[in-house]
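S.K.: Input entry18.tsv, format and content: TSV, C-alpha atoms.
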chain	number	residue	atom	x	y	z
A	1	MET	CA	58.13	-20.31	224.94
A	2	ASN	CA	59.14	-23.78	223.83
A	3	SER	CA	61.81	-24.07	221.21
A	4	ILE	CA	61.24	-26.28	218.16
A	5	ALA	CA	63.66	-28.82	219.67
A	6	ASP	CA	61.63	-29.00	222.93
A	7	ILE	CA	58.44	-29.55	221.01
A	8	ASN	CA	60.08	-32.21	218.85
A	9	ASN	CA	61.26	-34.00	222.01
A	10	MET	CA	57.79	-33.73	223.47
A	11	SER	CA	56.36	-35.05	220.22
A	12	ASN	CA	58.69	-38.06	220.35
A	13	SER	CA	57.55	-39.07	223.83
A	14	GLU	CA	53.93	-38.39	222.91
A	15	MET	CA	54.39	-40.40	219.75
A	16	ALA	CA	55.77	-43.40	221.66
A	17	SER	CA	52.83	-43.45	224.10
A	18	ARG	CA	50.31	-43.04	221.29
A	19	LEU	CA	51.89	-45.85	219.28
A	20	ARG	CA	51.73	-48.05	222.40
A	21	ALA	CA	48.02	-47.14	222.79
A	22	ALA	CA	47.43	-48.11	219.17
A	23	LEU	CA	49.20	-51.48	219.70
A	24	VAL	CA	47.10	-52.19	222.80
A	25	ALA	CA	43.93	-51.33	220.85
A	26	ILE	CA	44.94	-53.76	218.07
A	27	GLU	CA	45.71	-56.50	220.60
A	28	HIS	CA	42.29	-55.99	222.23
A	29	ASP	CA	40.57	-55.68	218.86
A	30	ASP	CA	39.15	-52.33	220.04
A	31	ALA	CA	38.27	-50.40	216.86
A	32	GLU	CA	37.17	-47.26	218.68
A	33	ALA	CA	40.35	-46.98	220.74
A	34	LEU	CA	42.44	-47.71	217.63
A	35	ASP	CA	40.67	-44.91	215.78
A	36	THR	CA	41.38	-42.46	218.62
A	37	ALA	CA	45.04	-43.53	218.84
A	38	VAL	CA	45.59	-43.23	215.07
A	39	ASN	CA	43.99	-39.78	215.01
A	40	SER	CA	46.22	-38.58	217.84
A	41	ILE	CA	49.29	-39.95	215.99
A	42	LEU	CA	48.25	-38.03	212.88
A	43	ALA	CA	47.82	-34.86	214.95
A	44	THR	CA	51.34	-35.27	216.35
A	45	VAL	CA	52.81	-35.77	212.91
A	46	GLN	CA	51.02	-32.73	211.47
A	47	ARG	CA	52.00	-30.34	214.25
A	48	PRO	CA	55.60	-29.73	213.05
A	49	LEU	CA	54.25	-28.92	209.58
A	50	ALA	CA	51.86	-26.30	210.97
A	51	MET	CA	54.67	-24.87	213.08
A	52	GLY	CA	56.95	-24.76	210.06
A	53	VAL	CA	54.37	-22.82	208.04
A	54	ALA	CA	53.81	-20.39	210.93
A	55	ARG	CA	57.57	-19.86	211.27
A	56	LEU	CA	57.87	-19.26	207.53
A	57	ALA	CA	55.05	-16.70	207.66
A	58	ARG	CA	56.76	-14.95	210.59
A	59	ASP	CA	60.08	-14.86	208.72
A	60	VAL	CA	58.42	-13.44	205.59
A	61	ARG	CA	56.65	-10.79	207.68
A	62	GLN	CA	59.87	-9.86	209.44
A	63	THR	CA	61.86	-9.68	206.21
A	64	LEU	CA	59.23	-7.54	204.51
A	65	GLN	CA	59.20	-5.16	207.47
A	66	GLU	CA	62.98	-4.94	207.57
A	67	LEU	CA	63.19	-4.17	203.87
A	68	ASP	CA	60.15	-1.84	204.00
A	69	LEU	CA	58.79	-3.81	201.07
A	70	ASP	CA	55.19	-3.54	202.17
A	71	SER	CA	54.68	0.07	201.14
A	72	ARG	CA	56.36	-0.57	197.82
A	73	ILE	CA	54.18	-3.62	197.20
A	74	VAL	CA	51.06	-1.63	198.11
A	75	ASP	CA	52.07	1.03	195.59
A	76	LEU	CA	52.66	-1.66	193.00
A	77	ALA	CA	49.42	-3.55	193.69
A	78	GLU	CA	47.15	-0.53	193.99
A	79	GLY	CA	48.89	1.74	191.53
A	80	GLU	CA	50.97	0.40	188.70
A	81	ILE	CA	49.36	-3.04	188.36
A	82	LYS	CA	45.86	-1.60	188.44
A	83	ASP	CA	46.97	0.91	185.77
A	84	ALA	CA	48.35	-1.97	183.69
A	85	ARG	CA	44.94	-3.66	183.75
A	86	THR	CA	43.21	-0.42	182.76
A	87	HIS	CA	45.67	0.06	179.89
A	88	LEU	CA	45.09	-3.46	178.61
A	89	ASP	CA	41.31	-2.96	178.80
A	90	HIS	CA	41.76	0.23	176.83
A	91	VAL	CA	43.77	-1.62	174.15
A	92	VAL	CA	40.90	-4.12	173.72
A	93	LYS	CA	38.37	-1.26	173.38
A	94	MET	CA	40.55	0.69	170.93
A	95	THR	CA	41.14	-2.31	168.67
A	96	GLU	CA	37.41	-3.08	168.77
A	97	GLU	CA	36.55	0.47	167.71
A	98	ALA	CA	39.19	0.39	164.95
A	99	ALA	CA	37.92	-2.97	163.68
A	100	HIS	CA	34.32	-1.70	163.57
A	101	LYS	CA	35.40	1.47	161.77
A	102	THR	CA	37.20	-0.67	159.16
A	103	LEU	CA	34.13	-2.90	158.80
A	104	ASP	CA	31.91	0.21	158.36
A	105	LEU	CA	34.18	1.41	155.56
A	106	VAL	CA	34.22	-2.05	153.98
A	107	ASP	CA	30.39	-2.12	154.03
A	108	ASP	CA	30.25	1.32	152.45
A	109	SER	CA	32.83	0.39	149.79
A	110	ARG	CA	30.88	-2.76	148.92
A	111	ARG	CA	27.77	-0.65	148.44
A	112	VAL	CA	29.68	1.66	146.07
A	113	ILE	CA	31.14	-1.32	144.16
A	114	ASP	CA	27.61	-2.70	143.68
A	115	LEU	CA	26.40	0.70	142.43
A	116	ILE	CA	29.24	0.93	139.90
A	117	ALA	CA	28.75	-2.70	138.82
A	118	ALA	CA	25.08	-1.99	138.11
A	119	ARG	CA	25.88	0.77	135.56
A	120	PRO	CA	25.89	-0.45	131.94
A	121	GLU	CA	28.77	1.88	130.99
A	122	CYS	CA	30.96	0.13	133.60
A	123	ALA	CA	30.42	-3.38	132.18
A	124	SER	CA	34.04	-3.50	130.98
A	125	LEU	CA	35.20	-3.08	134.59
A	126	ALA	CA	33.47	-6.26	135.82
A	127	GLU	CA	36.73	-8.09	136.43
A	128	GLU	CA	38.30	-5.20	138.34
A	129	LEU	CA	35.14	-4.77	140.43
A	130	ALA	CA	35.14	-8.48	141.29
A	131	GLY	CA	38.77	-8.10	142.39
A	132	LEU	CA	37.84	-5.09	144.52
A	133	ARG	CA	35.01	-7.07	146.11
A	134	ARG	CA	37.45	-9.89	146.98
A	135	ASN	CA	39.78	-7.32	148.53
A	136	MET	CA	36.92	-5.99	150.65
A	137	THR	CA	36.23	-9.53	151.90
A	138	SER	CA	39.94	-9.95	152.77
A	139	LEU	CA	39.92	-6.58	154.57
A	140	ALA	CA	36.90	-7.66	156.63
A	141	MET	CA	38.48	-11.05	157.40
A	142	ALA	CA	41.68	-9.35	158.56
A	143	GLN	CA	39.64	-7.79	161.40
A	144	GLU	CA	39.58	-11.24	163.00
A	145	TYR	CA	42.73	-10.11	164.78
A	146	GLN	CA	40.54	-8.07	167.17
A	147	ASP	CA	38.81	-11.19	168.53
A	148	LEU	CA	42.05	-13.20	168.78
A	149	THR	CA	44.23	-10.48	170.34
A	150	GLY	CA	41.29	-9.53	172.58
A	151	GLN	CA	41.07	-13.08	173.95
A	152	LEU	CA	44.83	-13.17	174.62
A	153	ILE	CA	44.79	-9.75	176.31
A	154	ARG	CA	41.82	-10.74	178.50
A	155	ARG	CA	43.82	-13.76	179.70
A	156	VAL	CA	46.73	-11.49	180.59
A	157	ILE	CA	44.33	-9.11	182.41
A	158	GLY	CA	43.11	-12.09	184.48
A	159	LEU	CA	46.68	-13.06	185.28
A	160	VAL	CA	47.62	-9.49	186.29
A	161	ARG	CA	44.52	-9.28	188.51
A	162	ASN	CA	45.57	-12.46	190.32
A	163	VAL	CA	49.11	-11.12	190.84
A	164	GLU	CA	47.54	-7.97	192.27
A	165	VAL	CA	45.41	-9.98	194.73
A	166	ALA	CA	48.40	-12.12	195.73
A	167	LEU	CA	50.52	-9.02	196.42
A	168	VAL	CA	47.85	-7.48	198.63
A	169	ASP	CA	47.53	-10.79	200.51
A	170	LEU	CA	51.29	-10.72	201.02
A	171	VAL	CA	51.15	-7.17	202.39
A	172	GLN	CA	48.29	-8.12	204.71
A	173	LEU	CA	50.40	-10.99	205.98
A	174	ALA	CA	53.33	-8.65	206.52
A	175	ARG	CA	51.33	-5.97	208.24
A	176	PRO	CA	48.04	-7.01	209.82
A	177	ALA	CA	47.24	-3.33	210.44
A	178	LEU	CA	46.90	-2.77	206.69
A	179	LYS	CA	43.17	-2.16	207.18
A	180	ASP	CA	44.09	1.13	208.81
A	181	HIS	CA	46.19	2.00	205.81
A	182	SER	CA	44.98	5.15	204.03
A	183	ARG	CA	44.56	3.20	200.79
A	184	ALA	CA	41.71	0.73	200.72
A	185	PRO	CA	42.51	-2.90	199.94
A	186	ILE	CA	41.20	-4.49	196.74
A	187	PRO	CA	37.42	-5.01	197.02
A	188	SER	CA	36.27	-8.59	197.47
A	189	SER	CA	34.62	-8.52	194.02
A	190	GLU	CA	38.15	-8.49	192.62
A	191	ALA	CA	39.25	-11.52	194.59
A	192	TYR	CA	41.42	-14.19	192.98
A	193	GLN	CA	39.68	-15.78	190.03
A	194	PRO	CA	40.94	-18.96	188.45
A	195	LEU	CA	41.89	-18.44	184.80
A	196	SER	CA	39.78	-20.14	182.18
A	197	GLU	CA	40.80	-23.72	181.55
A	198	LEU	CA	40.31	-23.12	177.86
A	199	LYS	CA	43.53	-22.62	175.95
A	200	GLY	CA	42.29	-19.78	173.76
A	201	PRO	CA	44.02	-18.54	170.63
A	202	ALA	CA	47.10	-20.57	169.84
A	203	ALA	CA	50.34	-18.80	170.59
A	204	ALA	CA	52.58	-21.63	169.46
A	205	VAL	CA	51.79	-25.34	169.14
A	206	SER	CA	48.24	-26.16	168.12
A	207	ALA	CA	46.21	-27.91	165.46
A	208	SER	CA	45.83	-26.21	162.08
A	209	GLN	CA	42.55	-26.33	160.14
A	210	SER	CA	43.90	-29.27	158.12
A	211	ASP	CA	44.90	-31.10	161.34
A	212	ALA	CA	41.39	-30.51	162.67
A	213	ASP	CA	39.84	-31.75	159.42
A	214	ALA	CA	42.01	-34.89	159.50
A	215	LEU	CA	41.11	-35.54	163.14
A	216	LEU	CA	37.38	-35.11	162.47
A	217	ALA	CA	37.67	-37.38	159.40
A	218	ASP	CA	39.24	-40.05	161.64
A	219	LEU	CA	36.28	-39.65	163.99
A	220	GLY	CA	33.89	-40.30	161.10
A	221	PHE	CA	33.03	-36.70	160.14
B	1	MET	CA	20.24	-25.52	151.81
B	2	ASP	CA	17.66	-22.86	151.05
B	3	LYS	CA	19.23	-19.38	150.84
B	4	ASN	CA	16.47	-18.20	153.18
B	5	ALA	CA	17.85	-20.51	155.88
B	6	LYS	CA	17.55	-18.88	159.28
B	7	ILE	CA	21.00	-18.74	160.85
B	8	LEU	CA	21.99	-17.81	164.43
B	9	ILE	CA	25.52	-16.40	164.94
B	10	VAL	CA	26.80	-16.71	168.53
B	11	ASP	CA	30.05	-14.94	169.53
B	12	ASP	CA	30.96	-12.60	172.39
B	13	TYR	CA	33.05	-10.41	170.06
B	14	SER	CA	30.88	-8.05	168.02
B	15	THR	CA	33.59	-7.75	165.35
B	16	MET	CA	33.61	-11.52	164.82
B	17	ARG	CA	29.79	-11.68	164.66
B	18	ARG	CA	29.91	-8.96	162.03
B	19	ILE	CA	32.63	-10.75	160.01
B	20	VAL	CA	30.70	-14.06	160.02
B	21	LYS	CA	27.46	-12.25	159.18
B	22	ASN	CA	29.10	-10.46	156.21
B	23	LEU	CA	30.61	-13.71	154.94
B	24	LEU	CA	27.24	-15.46	155.19
B	25	HIS	CA	25.64	-12.57	153.30
B	26	ASP	CA	28.33	-12.90	150.59
B	27	LEU	CA	27.41	-16.58	150.31
B	28	GLY	CA	23.78	-15.61	149.85
B	29	TYR	CA	22.51	-16.29	153.37
B	30	ALA	CA	20.92	-13.01	154.48
B	31	ASN	CA	18.54	-14.28	157.18
B	32	THR	CA	20.84	-14.04	160.19
B	33	THR	CA	20.37	-13.24	163.89
B	34	GLU	CA	23.11	-12.55	166.47
B	35	ALA	CA	23.62	-13.51	170.13
B	36	ASP	CA	26.62	-12.65	172.32
B	37	ASP	CA	26.85	-15.93	174.27
B	38	GLY	CA	25.11	-19.27	174.84
B	39	ARG	CA	22.86	-17.88	177.55
B	40	THR	CA	21.34	-15.22	175.29
B	41	ALA	CA	21.32	-17.62	172.33
B	42	TRP	CA	19.26	-20.27	174.13
B	43	PRO	CA	15.90	-18.41	174.41
B	44	ILE	CA	16.37	-17.05	170.85
B	45	LEU	CA	16.85	-20.61	169.58
B	46	GLN	CA	13.82	-21.85	171.44
B	47	ALA	CA	11.62	-19.02	170.20
B	48	GLY	CA	12.54	-19.25	166.50
B	49	ASP	CA	12.86	-21.97	163.90
B	50	PHE	CA	16.58	-21.74	163.18
B	51	ASP	CA	18.02	-23.94	160.45
B	52	PHE	CA	21.66	-23.53	161.43
B	53	VAL	CA	23.86	-22.29	164.31
B	54	VAL	CA	27.39	-20.85	164.02
B	55	THR	CA	28.96	-20.56	167.48
B	56	ASP	CA	32.20	-19.59	169.17
B	57	TRP	CA	33.42	-21.82	172.04
B	58	ASN	CA	34.96	-19.52	174.68
B	59	MET	CA	32.27	-17.10	175.82
B	60	PRO	CA	31.19	-15.78	179.22
B	61	GLY	CA	27.80	-16.89	180.55
B	62	MET	CA	27.32	-20.09	178.56
B	63	THR	CA	30.13	-21.48	176.40
B	64	GLY	CA	29.61	-22.79	172.88
B	65	ILE	CA	30.20	-26.40	173.92
B	66	ASP	CA	27.47	-26.13	176.58
B	67	LEU	CA	25.15	-24.50	174.04
B	68	LEU	CA	25.87	-27.41	171.66
B	69	ARG	CA	25.11	-29.95	174.42
B	70	ASN	CA	21.86	-28.14	175.27
B	71	ILE	CA	20.84	-28.15	171.60
B	72	ARG	CA	21.56	-31.89	171.28
B	73	GLY	CA	19.68	-32.55	174.52
B	74	ASP	CA	16.54	-30.70	173.42
B	75	ALA	CA	14.04	-32.85	171.52
B	76	ARG	CA	12.93	-30.05	169.21
B	77	LEU	CA	16.36	-28.55	168.49
B	78	ALA	CA	18.49	-31.73	168.58
B	79	LYS	CA	18.91	-32.02	164.79
B	80	THR	CA	19.90	-28.39	164.17
B	81	PRO	CA	23.33	-28.34	162.46
B	82	VAL	CA	25.97	-26.57	164.56
B	83	LEU	CA	29.24	-25.17	163.18
B	84	MET	CA	31.85	-24.23	165.76
B	85	VAL	CA	34.15	-21.32	164.82
B	86	THR	CA	36.74	-21.00	167.57
B	87	ALA	CA	40.30	-20.17	168.54
B	88	GLU	CA	40.37	-23.35	170.67
B	89	ALA	CA	42.72	-25.54	168.68
B	90	GLN	CA	43.74	-28.36	171.02
B	91	ARG	CA	43.25	-31.93	169.81
B	92	ASP	CA	41.28	-32.81	172.99
B	93	GLN	CA	38.91	-29.93	172.39
B	94	ILE	CA	38.21	-30.93	168.79
B	95	ILE	CA	37.46	-34.47	170.00
B	96	GLU	CA	35.24	-33.09	172.79
B	97	ALA	CA	33.27	-31.02	170.29
B	98	ALA	CA	32.92	-34.02	167.96
B	99	GLN	CA	31.66	-36.17	170.83
B	100	ALA	CA	29.17	-33.45	171.79
B	101	GLY	CA	27.76	-33.67	168.26
B	102	VAL	CA	29.27	-30.73	166.37
B	103	ASN	CA	28.71	-30.76	162.58
B	104	GLY	CA	31.79	-28.74	161.61
B	105	TYR	CA	34.82	-27.18	163.29
B	106	ILE	CA	36.66	-24.09	162.08
B	107	ILE	CA	39.78	-22.79	163.79
B	108	LYS	CA	40.25	-19.01	164.00
B	109	PRO	CA	41.79	-17.26	162.18
B	110	PHE	CA	39.92	-18.70	159.22
B	111	THR	CA	39.28	-17.78	155.60
B	112	ALA	CA	36.10	-17.14	153.63
B	113	VAL	CA	36.89	-20.26	151.57
B	114	THR	CA	37.04	-22.46	154.71
B	115	LEU	CA	33.67	-21.14	155.92
B	116	LYS	CA	32.08	-21.80	152.53
B	117	GLU	CA	33.52	-25.35	152.37
B	118	LYS	CA	32.25	-26.28	155.84
B	119	ILE	CA	28.81	-24.79	155.31
B	120	ASP	CA	28.43	-26.50	151.91
B	121	LYS	CA	29.45	-29.83	153.46
B	122	ILE	CA	27.04	-29.47	156.40
B	123	PHE	CA	24.12	-28.47	154.18
B	124	GLN	CA	24.88	-31.25	151.69
B	125	ARG	CA	24.79	-33.82	154.47
B	126	ALA	CA	21.59	-32.34	155.88
B	127	ALA	CA	20.00	-32.59	152.40
B	128	THR	CA	21.13	-36.23	152.02
B	129	ALA	CA	19.83	-37.15	155.46
B	130	ALA	CA	16.45	-35.47	154.88
Please render this file's structure as structure tokens.
M.R.:
Amino acid sequence: MNSIADINNMSNSEMASRLRAALVAIEHDDAEALDTAVNSILATVQRPLAMGVARLARDVRQTLQELDLDSRIVDLAEGEIKDARTHLDHVVKMTEEAAHKTLDLVDDSRRVIDLIAARPECASLAEELAGLRRNMTSLAMAQEYQDLTGQLIRRVIGLVRNVEVALVDLVQLARPALKDHSRAPIPSSEAYQPLSELKGPAAAVSASQSDADALLADLGF
Amino acid sequence: MDKNAKILIVDDYSTMRRIVKNLLHDLGYANTTEADDGRTAWPILQAGDFDFVVTDWNMPGMTGIDLLRNIRGDARLAKTPVLMVTAEAQRDQIIEAAQAGVNGYIIKPFTAVTLKEKIDKIFQRAATAA
């Protein structure tokens, strides 16, 4: 097997002859020959890069095997990380159920407030009932958190899924016989998915409603 | 705007649809319909004479910005006022929505007062333009 040095030496001599061929093609104004020569030069230049990547992959595989990391990564990818996604999904469902339950109670309380407000003997309580109605609106509005936290959690679920796919890819690189592994790899339907380009709920720096209003006013709104 | 105005609420989160619906009811607008993304909203919009659309931006299927562009590109629906209620709060996104022809932009989390202000403003302008 050739060493990297041998191949580099070979590439140097190849490079010289290909450069000469390119010069001859230019001198003879031969576009076709020039095209061929340039392509062969490019191929020579790219070869060390491909070899470098292959060597890196081999080193990674060897290191993973030496450290017995593959089985640990498989456990992580197919066990704990998958569990983490399930837990996060569960959080979204639980908060949704809790928010709906609160909204049900708010609806029911509003109905009761309206019933009380309609009774002539309760006329003196009008102010208090109006206050209660405002509180019910605030309670309903507070359930907005479910949408906003849900969006953030779904982004994290997407990120975790991609880490999971990347880990399995790494294990497959380290041990091509993974297919024979007793645990099945992640199904193709769960392949890497790019995260949404949308920023979603603001975690830190973003426009406030008044910033948005000012911006829209500048745009003629 | 007539209190019988037919309003379509588009959001993939059922809790948010419910919150917006309740707020609209408090403001006297009881004629509301719900859709969970742009794709389900589109045939509903085409089938009914909606006076107003309140939409989220980030939804699976069809996003709110695409729904807005489709509305503006449809001869019959083009003039329907659209209010975007979204967690997307980047300057570029607000400009993008404005360029796509949005009539109002509310950043989540929002208040009942903000929703009322934006709706009043949109309906006032619609009345002036009519």
S.K.: Which protein, DNA or RNA residues have an atom at most 9 Å from (47.2, -4.1, 182.7), counting all atoms listed in the file? List them as an mmCIF file with C-alpha atoms, keeping the file's coordinate frame.
M.R.:
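Saved file out_18.cif follows:
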data_model
loop_
_atom_site.group_PDB
_atom_site.id
_atom_site.type_symbol
_atom_site.label_atom_id
_atom_site.label_comp_id
_atom_site.auth_asym_id
_atom_site.auth_seq_id
_atom_site.Cartn_x
_atom_site.Cartn_y
_atom_site.Cartn_z
ATOM 1 C CA GLU A 80 50.970 0.400 188.700
ATOM 2 C CA ILE A 81 49.360 -3.040 188.360
ATOM 3 C CA LYS A 82 45.860 -1.600 188.440
ATOM 4 C CA ASP A 83 46.970 0.910 185.770
ATOM 5 C CA ALA A 84 48.350 -1.970 183.690
ATOM 6 C CA ARG A 85 44.940 -3.660 183.750
ATOM 7 C CA THR A 86 43.210 -0.420 182.760
ATOM 8 C CA HIS A 87 45.670 0.060 179.890
ATOM 9 C CA LEU A 88 45.090 -3.460 178.610
ATOM 10 C CA ASP A 89 41.310 -2.960 178.800
ATOM 11 C CA ILE A 153 44.790 -9.750 176.310
ATOM 12 C CA VAL A 156 46.730 -11.490 180.590
ATOM 13 C CA ILE A 157 44.330 -9.110 182.410
ATOM 14 C CA VAL A 160 47.620 -9.490 186.290
ATOM 15 C CA ARG A 161 44.520 -9.280 188.510
#
S.K.: Quick one: residues within 12 Å of stretch 90-93 of chain A, only C-alpha atoms, excluding same-chain residues fewer than 6 positions away - as a short mmCIF file (atom, residue, chain, number, x, y, z; two decimals) with C-alpha atoms, keeping the file's coordinate frame?
M.R.:
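Writing done, so here's result.cif:
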data_model
loop_
_atom_site.label_atom_id
_atom_site.label_comp_id
_atom_site.auth_asym_id
_atom_site.auth_seq_id
_atom_site.Cartn_x
_atom_site.Cartn_y
_atom_site.Cartn_z
CA ASP A 83 46.97 0.91 185.77
CA ALA A 84 48.35 -1.97 183.69
CA ALA A 99 37.92 -2.97 163.68
CA HIS A 100 34.32 -1.70 163.57
CA TYR A 145 42.73 -10.11 164.78
CA GLN A 146 40.54 -8.07 167.17
CA ASP A 147 38.81 -11.19 168.53
CA LEU A 148 42.05 -13.20 168.78
CA THR A 149 44.23 -10.48 170.34
CA GLY A 150 41.29 -9.53 172.58
CA GLN A 151 41.07 -13.08 173.95
CA LEU A 152 44.83 -13.17 174.62
CA ILE A 153 44.79 -9.75 176.31
CA ARG A 154 41.82 -10.74 178.50
CA ARG A 155 43.82 -13.76 179.70
CA VAL A 156 46.73 -11.49 180.59
CA ILE A 157 44.33 -9.11 182.41
CA TYR B 13 33.05 -10.41 170.06
CA SER B 14 30.88 -8.05 168.02
CA THR B 15 33.59 -7.75 165.35
#
S.K.: Do me a favour and pick out the residues of chain A within 8 Å of chain B, using all atoms listed in the file, as an MDAnalysis selection string.
M.R.: chainID A and resid 96 99:100 137 140:141 143:148 198:202 206:209 212:213 215:216 219 221
S.K.: Any chance you could export the current selection's C-alpha atoms as a PDB file, in the frame of the given file?
M.R.:
ATOM      1  CA  GLU A  96      37.410  -3.080 168.770  1.00  0.00           C
ATOM      2  CA  ALA A  99      37.920  -2.970 163.680  1.00  0.00           C
ATOM      3  CA  HIS A 100      34.320  -1.700 163.570  1.00  0.00           C
ATOM      4  CA  THR A 137      36.230  -9.530 151.900  1.00  0.00           C
ATOM      5  CA  ALA A 140      36.900  -7.660 156.630  1.00  0.00           C
ATOM      6  CA  MET A 141      38.480 -11.050 157.400  1.00  0.00           C
ATOM      7  CA  GLN A 143      39.640  -7.790 161.400  1.00  0.00           C
ATOM      8  CA  GLU A 144      39.580 -11.240 163.000  1.00  0.00           C
ATOM      9  CA  TYR A 145      42.730 -10.110 164.780  1.00  0.00           C
ATOM     10  CA  GLN A 146      40.540  -8.070 167.170  1.00  0.00           C
ATOM     11  CA  ASP A 147      38.810 -11.190 168.530  1.00  0.00           C
ATOM     12  CA  LEU A 148      42.050 -13.200 168.780  1.00  0.00           C
ATOM     13  CA  LEU A 198      40.310 -23.120 177.860  1.00  0.00           C
ATOM     14  CA  LYS A 199      43.530 -22.620 175.950  1.00  0.00           C
ATOM     15  CA  GLY A 200      42.290 -19.780 173.760  1.00  0.00           C
ATOM     16  CA  PRO A 201      44.020 -18.540 170.630  1.00  0.00           C
ATOM     17  CA  ALA A 202      47.100 -20.570 169.840  1.00  0.00           C
ATOM     18  CA  SER A 206      48.240 -26.160 168.120  1.00  0.00           C
ATOM     19  CA  ALA A 207      46.210 -27.910 165.460  1.00  0.00           C
ATOM     20  CA  SER A 208      45.830 -26.210 162.080  1.00  0.00           C
ATOM     21  CA  GLN A 209      42.550 -26.330 160.140  1.00  0.00           C
ATOM     22  CA  ALA A 212      41.390 -30.510 162.670  1.00  0.00           C
ATOM     23  CA  ASP A 213      39.840 -31.750 159.420  1.00  0.00           C
ATOM     24  CA  LEU A 215      41.110 -35.540 163.140  1.00  0.00           C
ATOM     25  CA  LEU A 216      37.380 -35.110 162.470  1.00  0.00           C
ATOM     26  CA  LEU A 219      36.280 -39.650 163.990  1.00  0.00           C
ATOM     27  CA  PHE A 221      33.030 -36.700 160.140  1.00  0.00           C
TER      28      PHE A 221
END
S.K.: Which neighbours of stretch 35-42 of chain B fall inside 7 Å, counting all atoms listed in the file, when residues of the same chain fewer than 3 positions from it are skipped, and could you give them as a PyMOL selection string?
M.R.: chain B and resi 9-12+45-46+59-64+67
S.K.: Suppose you want the space between atom CA of A:Ala214 and atom CA of B:Leu68; what is it in Å?
M.R.: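 Between these atoms lies a distance of 21.5 Å.
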S.K.: When distances are computed from all atoms listed in the file, which of B:Tyr29, B:Val54, B:Ala127, B:Ala100 shows the smallest separation from B:Asn70?
M.R.: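 So, comparing all the options, the nearest one is B:Ala100.
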S.K.: Mind dumping stretch 157-161 of chain A from that block, keeping all heavy atoms, as a PDB file, in the first residue's frame?
M.R.:
ATOM      1  N   ILE A 157     -37.086  19.297  20.694  1.00  0.00           N
ATOM      2  CA  ILE A 157     -37.332  17.911  20.266  1.00  0.00           C
ATOM      3  C   ILE A 157     -36.675  17.676  18.898  1.00  0.00           C
ATOM      4  O   ILE A 157     -36.029  16.649  18.672  1.00  0.00           O
ATOM      5  CB  ILE A 157     -38.852  17.603  20.198  1.00  0.00           C
ATOM      6  CG1 ILE A 157     -39.445  17.580  21.618  1.00  0.00           C
ATOM      7  CG2 ILE A 157     -39.119  16.267  19.495  1.00  0.00           C
ATOM      8  CD1 ILE A 157     -40.964  17.450  21.671  1.00  0.00           C
ATOM      9  N   GLY A 158     -36.803  18.644  18.005  1.00  0.00           N
ATOM     10  CA  GLY A 158     -36.184  18.538  16.667  1.00  0.00           C
ATOM     11  C   GLY A 158     -34.668  18.436  16.777  1.00  0.00           C
ATOM     12  O   GLY A 158     -34.028  17.625  16.103  1.00  0.00           O
ATOM     13  N   LEU A 159     -34.118  19.249  17.664  1.00  0.00           N
ATOM     14  CA  LEU A 159     -32.663  19.257  17.865  1.00  0.00           C
ATOM     15  C   LEU A 159     -32.200  17.910  18.419  1.00  0.00           C
ATOM     16  O   LEU A 159     -31.228  17.321  17.938  1.00  0.00           O
ATOM     17  CB  LEU A 159     -32.328  20.377  18.855  1.00  0.00           C
ATOM     18  CG  LEU A 159     -30.872  20.726  19.036  1.00  0.00           C
ATOM     19  CD1 LEU A 159     -30.381  21.489  17.821  1.00  0.00           C
ATOM     20  CD2 LEU A 159     -30.682  21.589  20.279  1.00  0.00           C
ATOM     21  N   VAL A 160     -32.913  17.397  19.417  1.00  0.00           N
ATOM     22  CA  VAL A 160     -32.562  16.113  20.036  1.00  0.00           C
ATOM     23  C   VAL A 160     -32.650  14.986  19.000  1.00  0.00           C
ATOM     24  O   VAL A 160     -31.788  14.112  18.942  1.00  0.00           O
ATOM     25  CB  VAL A 160     -33.503  15.820  21.242  1.00  0.00           C
ATOM     26  CG1 VAL A 160     -33.338  14.392  21.743  1.00  0.00           C
ATOM     27  CG2 VAL A 160     -33.226  16.807  22.371  1.00  0.00           C
ATOM     28  N   ARG A 161     -33.678  15.047  18.144  1.00  0.00           N
ATOM     29  CA  ARG A 161     -33.836  14.020  17.110  1.00  0.00           C
ATOM     30  C   ARG A 161     -32.628  14.026  16.174  1.00  0.00           C
ATOM     31  O   ARG A 161     -32.110  12.974  15.789  1.00  0.00           O
ATOM     32  CB  ARG A 161     -35.121  14.261  16.314  1.00  0.00           C
ATOM     33  CG  ARG A 161     -35.449  13.131  15.332  1.00  0.00           C
ATOM     34  CD  ARG A 161     -36.599  13.488  14.416  1.00  0.00           C
ATOM     35  NE  ARG A 161     -36.350  14.762  13.773  1.00  0.00           N
ATOM     36  CZ  ARG A 161     -37.199  15.783  13.770  1.00  0.00           C
ATOM     37  NH1 ARG A 161     -38.347  15.674  14.378  1.00  0.00           N
ATOM     38  NH2 ARG A 161     -36.882  16.916  13.187  1.00  0.00           N
TER      39      ARG A 161
END
